[in-house]
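work-v4.txt, holding compact mmCIF, C-alpha atoms:
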# COMPACT_ATOMS: atom_id res chain seq x y z
CA MET A 1 136.64 125.92 4.53
CA GLU A 2 135.57 127.49 1.28
CA ALA A 3 132.83 130.10 1.03
CA LYS A 4 131.82 131.96 -2.12
CA LEU A 5 130.72 135.48 -1.41
CA SER A 6 128.12 137.30 -3.45
CA PHE A 7 125.37 139.88 -2.85
CA ASP A 8 122.95 136.96 -2.82
CA THR A 9 124.53 135.33 0.22
CA VAL A 10 125.63 138.30 2.30
CA HIS A 11 123.12 139.36 4.97
CA SER A 12 124.37 142.41 6.82
CA ASP A 13 121.23 142.42 8.98
CA PHE A 14 122.34 138.99 10.21
CA VAL A 15 125.63 140.45 11.44
CA ASN A 16 123.74 143.11 13.38
CA LYS A 17 121.37 140.56 14.86
CA VAL A 18 124.20 138.31 16.09
CA GLU A 19 125.99 141.32 17.58
CA GLU A 20 122.84 142.35 19.37
CA LEU A 21 122.03 138.90 20.73
CA SER A 22 125.59 138.09 21.76
CA GLY A 23 126.59 141.56 22.91
CA GLN A 24 129.92 141.04 21.14
CA ASP A 25 131.79 143.31 18.73
CA LEU A 26 132.40 140.85 15.90
CA ALA A 27 134.85 143.13 14.08
CA SER A 28 137.19 142.80 17.08
CA CYS A 29 138.09 139.29 15.97
CA TYR A 30 141.22 139.26 13.78
CA GLN A 31 141.07 135.52 13.12
CA CYS A 32 144.13 134.45 15.06
CA GLY A 33 142.56 131.04 15.64
CA LYS A 34 143.42 130.76 19.32
CA CYS A 35 139.80 129.82 20.10
CA SER A 36 140.02 126.84 17.76
CA ALA A 37 143.46 125.85 19.01
CA GLY A 38 142.17 125.36 22.54
CA CYS A 39 138.62 124.19 21.81
CA PRO A 40 137.91 120.80 23.44
CA ILE A 41 135.51 119.70 20.69
CA VAL A 42 137.56 120.95 17.74
CA GLU A 43 138.36 117.43 16.54
CA GLN A 44 134.68 116.88 15.79
CA ALA A 45 134.12 120.30 14.22
CA GLU A 46 133.94 120.44 10.42
CA THR A 47 133.80 124.21 10.63
CA LEU A 48 136.33 125.47 13.16
CA PRO A 49 135.10 127.87 15.85
CA ASN A 50 137.03 130.81 14.38
CA GLN A 51 135.59 129.95 10.96
CA VAL A 52 132.06 130.13 12.37
CA LEU A 53 132.85 133.62 13.59
CA ARG A 54 134.32 134.49 10.20
CA LEU A 55 131.15 133.33 8.46
CA VAL A 56 129.16 135.64 10.73
CA GLN A 57 131.52 138.55 10.07
CA LEU A 58 130.90 138.03 6.35
CA GLY A 59 127.14 137.86 6.78
CA GLN A 60 126.95 134.25 5.67
CA ARG A 61 123.73 133.49 7.50
CA GLU A 62 122.85 130.12 6.00
CA GLU A 63 126.31 128.61 6.37
CA ALA A 64 126.70 129.86 9.92
CA LEU A 65 123.30 128.65 11.07
CA GLN A 66 123.76 125.26 9.41
CA SER A 67 127.14 124.66 11.00
CA LYS A 68 127.18 121.63 13.29
CA THR A 69 129.82 123.37 15.39
CA ILE A 70 127.23 125.52 17.15
CA TRP A 71 125.68 122.32 18.58
CA LEU A 72 129.02 120.82 19.62
CA CYS A 73 129.93 123.85 21.73
CA ALA A 74 129.39 123.10 25.43
CA SER A 75 129.89 126.70 26.62
CA CYS A 76 133.10 125.86 28.48
CA TYR A 77 134.46 129.40 27.97
CA THR A 78 137.99 128.24 27.18
CA CYS A 79 137.93 130.33 23.97
CA PHE A 80 136.79 133.41 25.89
CA ALA A 81 139.45 132.91 28.56
CA ARG A 82 142.15 132.91 25.87
CA CYS A 83 140.86 135.37 23.26
CA PRO A 84 143.40 138.21 22.90
CA ARG A 85 140.60 140.49 21.73
CA GLY A 86 138.16 139.67 24.54
CA VAL A 87 135.51 138.24 22.24
CA ASP A 88 133.19 135.84 24.07
CA LEU A 89 132.71 133.27 21.32
CA SER A 90 130.45 131.19 23.55
CA ARG A 91 127.96 134.06 23.41
CA VAL A 92 128.20 134.14 19.63
CA MET A 93 127.50 130.39 19.52
CA GLU A 94 124.54 130.92 21.84
CA ALA A 95 123.18 133.68 19.59
CA LEU A 96 123.39 131.37 16.57
CA ARG A 97 121.71 128.50 18.43
CA GLN A 98 118.98 130.84 19.60
CA MET A 99 118.30 132.04 16.05
CA VAL A 100 117.71 128.43 14.98
CA LEU A 101 115.74 127.44 18.10
CA ARG A 102 113.53 130.53 17.86
CA SER A 103 112.49 129.45 14.37
CA LYS A 104 110.98 126.41 16.12
CA ILE A 105 113.65 123.94 15.08
CA ASP A 106 114.87 121.94 18.06
CA HIS A 107 118.29 120.33 17.98
CA VAL A 108 117.37 117.67 20.56
CA LYS A 109 114.01 115.96 20.17
CA ILE A 110 112.99 115.14 23.72
CA PRO A 111 110.37 112.48 22.81
CA GLU A 112 113.10 110.53 21.01
CA LEU A 113 115.20 110.11 24.15
CA SER A 114 114.81 106.69 25.75
CA ARG A 115 113.31 106.32 29.19
CA LYS A 116 116.52 104.62 30.33
CA THR A 117 118.60 107.63 29.22
CA ILE A 118 116.35 110.08 31.01
CA GLU A 119 116.21 108.06 34.22
CA GLU A 120 119.94 107.56 34.42
CA LEU A 121 121.12 111.11 33.74
CA PRO A 122 121.52 113.69 36.49
CA PRO A 123 118.95 116.53 36.40
CA ILE A 124 121.64 119.10 35.56
CA ALA A 125 122.55 117.18 32.39
CA LEU A 126 118.97 117.09 31.14
CA ILE A 127 118.03 120.63 32.11
CA SER A 128 121.17 122.21 30.68
CA ASN A 129 120.90 120.17 27.48
CA PHE A 130 117.27 121.17 26.97
CA ARG A 131 118.06 124.78 27.82
CA LYS A 132 120.76 124.85 25.13
CA PHE A 133 119.22 122.61 22.48
CA THR A 134 115.46 123.14 22.57
CA GLY A 135 113.37 126.26 22.08
CA MET B 1 130.58 130.18 61.09
CA LYS B 2 127.13 129.69 59.63
CA ILE B 3 126.23 130.16 55.98
CA HIS B 4 123.11 129.64 53.93
CA TYR B 5 123.35 126.75 51.53
CA TYR B 6 121.72 126.27 48.15
CA PRO B 7 121.85 122.56 47.20
CA GLY B 8 120.37 122.51 43.69
CA CYS B 9 118.49 119.63 42.09
CA THR B 10 121.20 117.11 41.34
CA LEU B 11 122.50 116.84 44.90
CA LYS B 12 119.03 115.74 45.91
CA VAL B 13 118.72 113.15 43.13
CA THR B 14 121.87 111.56 41.72
CA ALA B 15 124.62 113.04 43.90
CA PRO B 16 123.49 112.72 47.53
CA GLN B 17 127.01 111.58 48.50
CA PHE B 18 128.33 115.02 47.53
CA GLU B 19 125.90 116.74 49.86
CA SER B 20 126.22 114.33 52.80
CA SER B 21 130.01 114.35 52.73
CA ALA B 22 130.16 118.14 52.29
CA VAL B 23 127.76 118.99 55.11
CA ALA B 24 129.52 116.60 57.50
CA ALA B 25 133.04 117.71 56.55
CA ALA B 26 132.13 121.40 56.72
CA ARG B 27 130.63 120.89 60.18
CA ALA B 28 133.79 119.12 61.33
CA VAL B 29 135.86 122.18 60.44
CA GLY B 30 133.41 124.62 62.03
CA VAL B 31 131.15 125.58 59.10
CA GLU B 32 127.41 125.08 59.55
CA MET B 33 125.68 124.91 56.15
CA LEU B 34 122.05 125.96 56.58
CA GLU B 35 119.95 124.71 53.70
CA LEU B 36 117.53 127.36 52.44
CA THR B 37 114.03 126.43 53.57
CA ARG B 38 112.75 127.26 50.10
CA TRP B 39 114.67 127.11 46.84
CA ASN B 40 114.15 126.31 43.16
CA CYS B 41 116.22 125.00 40.27
CA CYS B 42 118.68 127.70 39.16
CA GLY B 43 118.32 126.75 35.49
CA THR B 44 121.75 125.03 35.49
CA VAL B 45 123.27 127.22 32.76
CA TYR B 46 123.70 130.98 32.71
CA SER B 47 121.71 132.55 29.93
CA LEU B 48 124.10 133.99 27.34
CA ALA B 49 121.67 135.75 25.00
CA SER B 50 121.44 139.43 25.88
CA ASP B 51 117.65 139.63 25.41
CA ASP B 52 116.89 136.49 27.43
CA LEU B 53 115.99 137.93 30.83
CA ILE B 54 113.33 135.35 31.60
CA HIS B 55 115.96 132.72 32.38
CA GLN B 56 117.62 135.03 34.91
CA LEU B 57 114.53 134.83 37.10
CA ALA B 58 115.25 131.37 38.52
CA PRO B 59 118.70 132.18 39.91
CA ILE B 60 117.58 135.62 41.13
CA ARG B 61 114.62 134.07 42.97
CA ASN B 62 117.10 131.97 44.94
CA LEU B 63 119.06 135.09 45.90
CA ILE B 64 115.78 136.62 47.11
CA ARG B 65 115.23 133.51 49.30
CA VAL B 66 118.64 134.14 50.87
CA ARG B 67 117.63 137.73 51.66
CA ASN B 68 114.29 136.52 53.06
CA GLU B 69 116.22 134.36 55.50
CA LYS B 70 118.30 137.40 56.53
CA GLY B 71 121.38 136.18 54.66
CA ASN B 72 124.07 138.17 52.86
CA ALA B 73 125.83 135.16 51.36
CA VAL B 74 125.03 131.70 50.06
CA THR B 75 127.22 128.72 49.36
CA THR B 76 126.85 126.04 46.70
CA LEU B 77 128.61 122.76 45.96
CA CYS B 78 127.61 122.17 42.34
CA SER B 79 129.83 124.09 39.92
CA MET B 80 126.93 124.67 37.54
CA CYS B 81 124.69 126.16 40.23
CA PHE B 82 127.62 128.25 41.46
CA ASN B 83 128.31 129.63 38.00
CA THR B 84 124.67 130.31 37.12
CA ILE B 85 123.66 131.98 40.37
CA LYS B 86 126.85 133.99 40.76
CA ARG B 87 126.67 135.34 37.21
CA ALA B 88 122.99 136.20 37.46
CA GLY B 89 123.73 138.01 40.71
CA LEU B 90 126.54 139.98 39.10
CA LEU B 91 124.35 140.88 36.13
CA VAL B 92 121.69 142.49 38.29
CA ASN B 93 124.25 144.07 40.64
CA GLU B 94 125.73 145.89 37.68
CA ASP B 95 122.72 146.54 35.45
CA ALA B 96 119.99 148.53 37.19
CA GLU B 97 117.74 148.51 34.13
CA LYS B 98 117.71 144.72 33.89
CA ARG B 99 117.29 144.44 37.65
CA GLY B 100 114.26 146.74 37.40
CA LYS B 101 112.72 144.66 34.62
CA ILE B 102 113.23 141.41 36.54
CA ASN B 103 111.72 142.90 39.69
CA ALA B 104 108.78 144.28 37.73
CA PHE B 105 108.11 140.85 36.25
CA MET B 106 107.95 139.03 39.59
CA ASP B 107 104.71 139.33 41.55
CA GLU B 108 105.06 137.20 44.65
CA GLU B 109 108.66 137.87 45.63
CA ASP B 110 110.20 140.86 47.33
CA ASP B 111 112.26 143.04 45.01
CA TYR B 112 115.91 142.07 44.77
CA GLU B 113 118.29 144.95 45.32
CA GLY B 114 121.45 142.95 44.67
CA GLY B 115 124.43 142.27 46.86
CA VAL B 116 124.05 138.65 47.99
CA GLU B 117 127.46 137.02 47.76
CA VAL B 118 127.70 133.59 46.12
CA VAL B 119 130.63 131.50 47.35
CA HIS B 120 131.69 127.97 46.62
CA LEU B 121 132.49 125.69 49.56
CA LEU B 122 136.08 125.44 48.32
CA GLU B 123 136.44 129.20 48.78
CA ILE B 124 135.12 128.97 52.34
CA LEU B 125 137.55 126.18 53.16
CA ARG B 126 140.46 128.10 51.64
CA ASP B 127 139.67 131.68 52.67
CA LYS B 128 137.59 131.47 55.86
CA VAL B 129 138.55 128.19 57.53
CA GLY B 130 142.07 128.07 56.12
CA PHE B 131 143.83 124.97 54.87
CA GLU B 132 146.25 125.01 57.81
CA THR B 133 143.31 124.68 60.21
CA ILE B 134 142.07 121.74 58.17
CA ARG B 135 145.51 120.16 58.27
CA GLU B 136 145.42 120.26 62.08
CA LYS B 137 142.07 118.47 62.15
CA VAL B 138 143.11 115.58 59.93
CA THR B 139 143.06 112.29 61.87
CA ASN B 140 143.17 109.87 58.96
CA PRO B 141 145.71 111.32 56.51
CA LEU B 142 145.37 109.98 52.99
CA ASN B 143 149.06 109.20 52.75
CA GLU B 144 150.36 108.09 49.39
CA LEU B 145 147.00 108.55 47.67
CA ARG B 146 147.91 109.89 44.25
CA ALA B 147 144.93 112.05 43.32
CA SER B 148 144.51 114.08 40.14
CA PRO B 149 142.35 117.21 40.50
CA TYR B 150 139.89 117.81 37.69
CA TYR B 151 138.40 121.31 37.76
CA GLY B 152 136.34 121.32 34.60
CA CYS B 153 134.97 124.65 33.43
CA LEU B 154 132.45 126.41 35.55
CA LEU B 155 134.37 126.88 38.79
CA LEU B 156 137.03 128.78 36.87
CA ARG B 157 135.47 130.46 33.86
CA PRO B 158 134.63 133.11 32.97
CA GLU B 159 137.32 134.90 34.93
CA GLU B 160 134.91 137.35 36.60
CA ILE B 161 133.38 134.55 38.68
CA GLY B 162 136.26 132.04 38.83
CA ILE B 163 137.44 130.88 42.25
CA ASP B 164 141.02 130.43 41.07
CA ASN B 165 143.33 131.02 38.11
CA ALA B 166 141.48 129.97 34.96
CA GLU B 167 144.49 128.27 33.39
CA SER B 168 146.52 127.13 36.36
CA PRO B 169 144.35 126.62 39.44
CA THR B 170 145.76 125.15 42.65
CA VAL B 171 142.94 125.16 45.20
CA LEU B 172 142.21 121.43 44.88
CA GLU B 173 145.92 120.56 44.91
CA ASP B 174 146.39 122.65 48.04
CA LEU B 175 143.46 120.97 49.79
CA LEU B 176 144.63 117.48 48.79
CA GLU B 177 148.10 118.21 50.08
CA CYS B 178 146.63 119.33 53.43
CA ILE B 179 144.78 116.05 53.91
CA GLY B 180 147.88 114.00 53.20
CA ALA B 181 147.24 113.05 49.59
CA GLU B 182 149.66 113.55 46.75
CA PRO B 183 148.23 115.83 44.02
CA VAL B 184 148.97 114.66 40.48
CA ASP B 185 149.00 117.18 37.67
CA SER B 186 147.22 116.51 34.39
CA PRO B 187 147.14 118.54 31.16
CA PHE B 188 143.37 117.99 31.00
CA LYS B 189 142.50 119.30 34.45
CA THR B 190 140.73 122.42 33.15
CA GLU B 191 139.46 121.00 29.87
CA CYS B 192 135.73 120.46 29.40
CA CYS B 193 134.37 116.92 29.96
CA GLY B 194 131.67 117.49 27.33
CA SER B 195 129.12 118.62 29.91
CA TYR B 196 125.49 118.36 28.75
CA GLN B 197 126.52 116.76 25.47
CA THR B 198 126.26 113.57 27.54
CA VAL B 199 122.53 113.53 26.74
CA ASP B 200 122.61 113.38 22.95
CA LYS B 201 126.30 113.02 21.96
CA VAL B 202 127.53 110.22 24.20
CA ASP B 203 130.45 109.35 21.91
CA LEU B 204 131.91 112.83 22.32
CA VAL B 205 131.78 112.55 26.11
CA ILE B 206 133.35 109.08 26.06
CA GLU B 207 136.24 110.58 24.06
CA LYS B 208 136.67 113.40 26.55
CA THR B 209 136.50 110.92 29.43
CA ARG B 210 139.22 108.83 27.81
CA ASP B 211 141.48 111.89 27.46
CA ILE B 212 140.95 113.06 31.03
CA ILE B 213 141.23 109.66 32.72
CA SER B 214 144.04 108.26 30.60
CA TRP B 215 146.23 111.34 31.10
CA ALA B 216 145.68 111.24 34.84
CA ALA B 217 146.60 107.53 34.80
CA ARG B 218 149.63 108.19 32.62
CA ASN B 219 150.86 110.57 35.32
CA HIS B 220 150.38 107.72 37.85
CA ALA B 221 147.23 109.06 39.49
CA GLN B 222 145.11 106.50 41.31
CA CYS B 223 141.93 108.57 41.27
CA VAL B 224 140.42 111.80 39.98
CA VAL B 225 138.91 114.50 42.22
CA VAL B 226 136.05 116.77 41.11
CA SER B 227 133.63 119.37 42.43
CA CYS B 228 130.85 119.17 39.85
CA PRO B 229 128.13 116.50 39.75
CA LEU B 230 127.99 116.59 35.96
CA CYS B 231 131.75 116.15 35.64
CA PHE B 232 131.39 113.32 38.17
CA PHE B 233 128.66 111.60 36.18
CA ASN B 234 130.53 111.95 32.91
CA LEU B 235 133.90 110.79 34.21
CA ASP B 236 132.49 107.97 36.36
CA ARG B 237 129.63 106.59 34.28
CA ARG B 238 131.24 107.10 30.87
CA GLN B 239 134.25 105.07 31.97
CA LYS B 240 131.88 102.09 31.99
CA ASP B 241 130.99 102.85 28.34
CA LEU B 242 134.68 103.23 27.59
CA ALA B 243 135.50 99.89 29.21
CA GLU B 244 132.81 98.16 27.14
CA ARG B 245 134.31 99.55 23.95
CA GLU B 246 137.92 99.16 24.91
CA PRO B 247 138.47 96.20 27.20
CA GLY B 248 141.63 96.77 29.17
CA ALA B 249 141.22 100.55 29.41
CA VAL B 250 142.57 101.82 32.72
CA LEU B 251 139.71 102.85 35.00
CA LEU B 252 140.15 105.31 37.87
CA PRO B 253 137.69 105.97 40.69
CA VAL B 254 136.29 109.51 40.78
CA PHE B 255 135.74 111.36 44.07
CA TYR B 256 134.12 114.57 45.16
CA PHE B 257 136.71 116.58 47.10
CA THR B 258 134.33 116.48 50.06
CA GLN B 259 134.40 112.67 50.22
CA LEU B 260 138.17 112.64 50.60
CA LEU B 261 138.01 115.50 53.09
CA ALA B 262 135.43 113.63 55.19
CA LEU B 263 137.59 110.50 55.15
CA ALA B 264 140.69 112.41 56.20
CA LEU B 265 138.79 114.11 59.02
CA GLY B 266 137.93 110.67 60.35
CA LEU B 267 134.17 110.97 59.80
CA GLU B 268 131.84 107.99 59.48
CA VAL B 269 132.40 106.41 56.09
CA ASP B 270 128.62 106.30 55.57
CA VAL B 271 128.57 110.05 54.85
CA CYS B 272 130.72 109.40 51.77
CA GLY B 273 128.16 107.27 49.93
CA PHE B 274 130.78 105.21 48.11
CA ASP B 275 128.05 102.79 46.97
CA LYS B 276 126.81 105.50 44.55
CA HIS B 277 129.86 105.17 42.29
CA VAL B 278 130.03 103.25 39.02
CA VAL B 279 133.81 102.72 39.21
CA ASP B 280 134.05 101.19 42.70
CA PRO B 281 136.43 103.26 44.85
CA LEU B 282 136.52 100.83 47.78
CA PRO B 283 139.28 98.52 46.50
CA LEU B 284 141.62 101.53 46.26
CA LEU B 285 140.58 102.99 49.62
CA SER B 286 140.80 99.69 51.48
CA SER B 287 144.14 98.79 49.89
CA LYS B 288 145.48 102.03 51.38
CA GLY B 289 143.86 101.31 54.73
CA PHE B 290 141.64 104.43 54.60
CA VAL B 291 138.40 102.52 55.15

Whole structure given in structure tokens:
Amino acid sequence: MEAKLSFDTVHSDFVNKVEELSGQDLASCYQCGKCSAGCPIVEQAETLPNQVLRLVQLGQREEALQSKTIWLCASCYTCFARCPRGVDLSRVMEALRQMVLRSKIDHVKIPELSRKTIEELPPIALISNFRKFTG
Amino acid sequence: MKIHYYPGCTLKVTAPQFESSAVAAARAVGVEMLELTRWNCCGTVYSLASDDLIHQLAPIRNLIRVRNEKGNAVTTLCSMCFNTIKRAGLLVNEDAEKRGKINAFMDEEDDYEGGVEVVHLLEILRDKVGFETIREKVTNPLNELRASPYYGCLLLRPEEIGIDNAESPTVLEDLLECIGAEPVDSPFKTECCGSYQTVDKVDLVIEKTRDIISWAARNHAQCVVVSCPLCFFNLDRRQKDLAEREPGAVLLPVFYFTQLLALALGLEVDVCGFDKHVVDPLPLLSSKGFV
């Protein structure tokens, strides 16, 4: 991952907002990478979970919010169970998703799902998906 | 013993075999599960954003229903319901300000003062009934059934609500051993199946299913045992997708722990609902002489 830092791209208010929404102390993270090492979706992630957190630490709002990783996270809490600093990264991912969803951009477009898909899936799959991926 | 029971939506729609086998097996070991006369969807996932109190209402309303029926505890079968309701309960137990806001928002319900205990059926079987008691009641031991427990996420994590060690749980192994089966370890037993990604990222869930099933098979398991209806759907149904992509892939039947318990207790096979499975479990069960 490469990120160029400048006053134009650093948003310190973004850091505060993510801390508030997630309830996590982002400076606690010392980038050991244990979250990424154990993450079940890491093979699909272009930006590793610890890198998403690093982007937030550095106030890189656009890059963090555009990361596909926040939509791959399934809130399995493996990262939180293993974090030596007690950072609940799943809450940070949720905060980032919420910031996108609250700007009225849904990740899953419900009308585009086929009738067959909806009829076959268990209610918990649909409800949890819509809770996480729609505003 | 009697305990109030919160079923949740999925057990009434796509996973009736989980409920029927659980209620029958629990009764056979002396646990009467009393379904709440009124309940609502818990929301399925615990709300993780600190300002999002509105989504805590659904689980809290269910805890109020337990209180209304003079209960101090409620049991669930679905791991997602268990996780969501238990965490919401803990939140309001510990945070009086949030509890006050939630109570102020609700008009029709009584105020919730906290304190209802949320327990998973596995905890009742382990801690109240006792696995040794269950062992004595087994009439149809599942001898030589090599079964790989798959815990998934939400029974175990986060640690504050987990029913067992988050990294190295044994409750399913211990239960399987009591009913005569042979537990088979797998490195993927606590790794996420992809959960709700099964709606819009099917490929990801097929990959996770391949990992979980193939590692269980590599360790010579003949089936996988779960406690969550979403894990069940993903591991069972997505094996069909996997087989279409990769002819020759090893397929393993998936069971709810309650189905195997009901079988071992000698209950009517009808309570197990084996016709609801995508990967047919009957060839395995009949080859062993269990049905």

Legend entry - Close residues, Asp25 of chain A itself excluded, 10 Å, only C-alpha atoms, min 6 positions apart in chain, as a PyMOL selection string: chain A and resi 15-16+18-19+57+85-88+92

Inset, instruction - Considering all atoms listed in the file, state which residue in the set A:Asp106, A:Asp8, A:Glu94, A:Glu112 is at the smallest distance from Gln24 of chain A. - result: A:Glu94

Legend entry - Exercise answer, chain A residues close to chain B, 9 Å and all atoms listed in the file, as JSON, numbers by chain: {"A": [20, 21, 22, 23, 38, 39, 40, 41, 44, 71, 72, 73, 74, 75, 76, 77, 78, 80, 81, 90, 91, 92, 94, 95, 98, 108, 113, 117, 118, 120, 121, 122, 123, 124, 125, 126, 127, 128, 129, 130, 131, 132]}

Please provide the set of residues having any atom within 10 Å of segment 65-69 of chain A, restricted to only C-alpha atoms, with same-chain residues fewer than 4 positions apart removed, written as a PDB file with C-alpha atoms, in the frame of the given file.
ATOM      1  CA  ILE A  41     135.510 119.700  20.690  1.00  0.00           C
ATOM      2  CA  VAL A  42     137.560 120.950  17.740  1.00  0.00           C
ATOM      3  CA  GLN A  44     134.680 116.880  15.790  1.00  0.00           C
ATOM      4  CA  ALA A  45     134.120 120.300  14.220  1.00  0.00           C
ATOM      5  CA  GLU A  46     133.940 120.440  10.420  1.00  0.00           C
ATOM      6  CA  THR A  47     133.800 124.210  10.630  1.00  0.00           C
ATOM      7  CA  LEU A  48     136.330 125.470  13.160  1.00  0.00           C
ATOM      8  CA  PRO A  49     135.100 127.870  15.850  1.00  0.00           C
ATOM      9  CA  GLN A  51     135.590 129.950  10.960  1.00  0.00           C
ATOM     10  CA  VAL A  52     132.060 130.130  12.370  1.00  0.00           C
ATOM     11  CA  LEU A  55     131.150 133.330   8.460  1.00  0.00           C
ATOM     12  CA  VAL A  56     129.160 135.640  10.730  1.00  0.00           C
ATOM     13  CA  GLN A  60     126.950 134.250   5.670  1.00  0.00           C
ATOM     14  CA  ARG A  61     123.730 133.490   7.500  1.00  0.00           C
ATOM     15  CA  CYS A  73     129.930 123.850  21.730  1.00  0.00           C
ATOM     16  CA  MET A  93     127.500 130.390  19.520  1.00  0.00           C
ATOM     17  CA  ALA A  95     123.180 133.680  19.590  1.00  0.00           C
ATOM     18  CA  LEU A  96     123.390 131.370  16.570  1.00  0.00           C
ATOM     19  CA  ARG A  97     121.710 128.500  18.430  1.00  0.00           C
ATOM     20  CA  GLN A  98     118.980 130.840  19.600  1.00  0.00           C
ATOM     21  CA  MET A  99     118.300 132.040  16.050  1.00  0.00           C
ATOM     22  CA  VAL A 100     117.710 128.430  14.980  1.00  0.00           C
TER      23      VAL A 100
END

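Counting from atom CA of Pro169 of chain B, the distance to atom CA of Val225 of chain B is 13.6 Å.
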
Inset, instruction - Would you list the contacts of Val10 of chain A as a ChimeraX atom specification, taking every protein, DNA or RNA residue within 7 Å and counting all atoms listed in the file, but skipping same-chain residues closer than 5 positions in sequence? - result: /A:5,58-60

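Straight-line separation from atom CA of Phe18 of chain B to atom CA of Gln259 of chain B: 7.0 Å.
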
Inset, instruction - Could you jot down the atom CA of Asn83 of chain B to atom CA of Arg126 of chain B separation for me, Å, one decimal place? - result: 18.3 Å

Inset, instruction - Name the closest residue to Tyr30 of chain A among the candidates A:Met1, A:Ser6, A:Phe133, A:Asn50; distances are taken between atoms, counting only C-alpha atoms. - result: A:Asn50

Legend entry - Long-range neighbours of Ile163 of chain B as a ChimeraX atom specification, 8 Å cut-off, only C-alpha atoms, 6 positions minimum in chain: /B:120,123,155-156

Box for segment 90-108 of chain A: with edges along x, y and z, all listed atoms inside and 3 Å added on each side, what are the centre and edge lengths in Å to one decimal, as lines of an AutoDock Vina configuration file?
center_x = 120.7
center_y = 125.9
center_z = 19.0
size_x = 25.5
size_y = 22.5
size_z = 15.2

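Residues in contact with Glu117 of chain B at up to 7 Å, not including ones fewer than 4 positions away on its chain and judged by all atoms listed in the file, are B:Asn72, B:Ala73, B:Val74.
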
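Nearest residue to Met106 of chain B, choosing from B:Arg210, B:Arg61, B:Arg87, B:Lys137 and counting only C-alpha atoms: B:Arg61.
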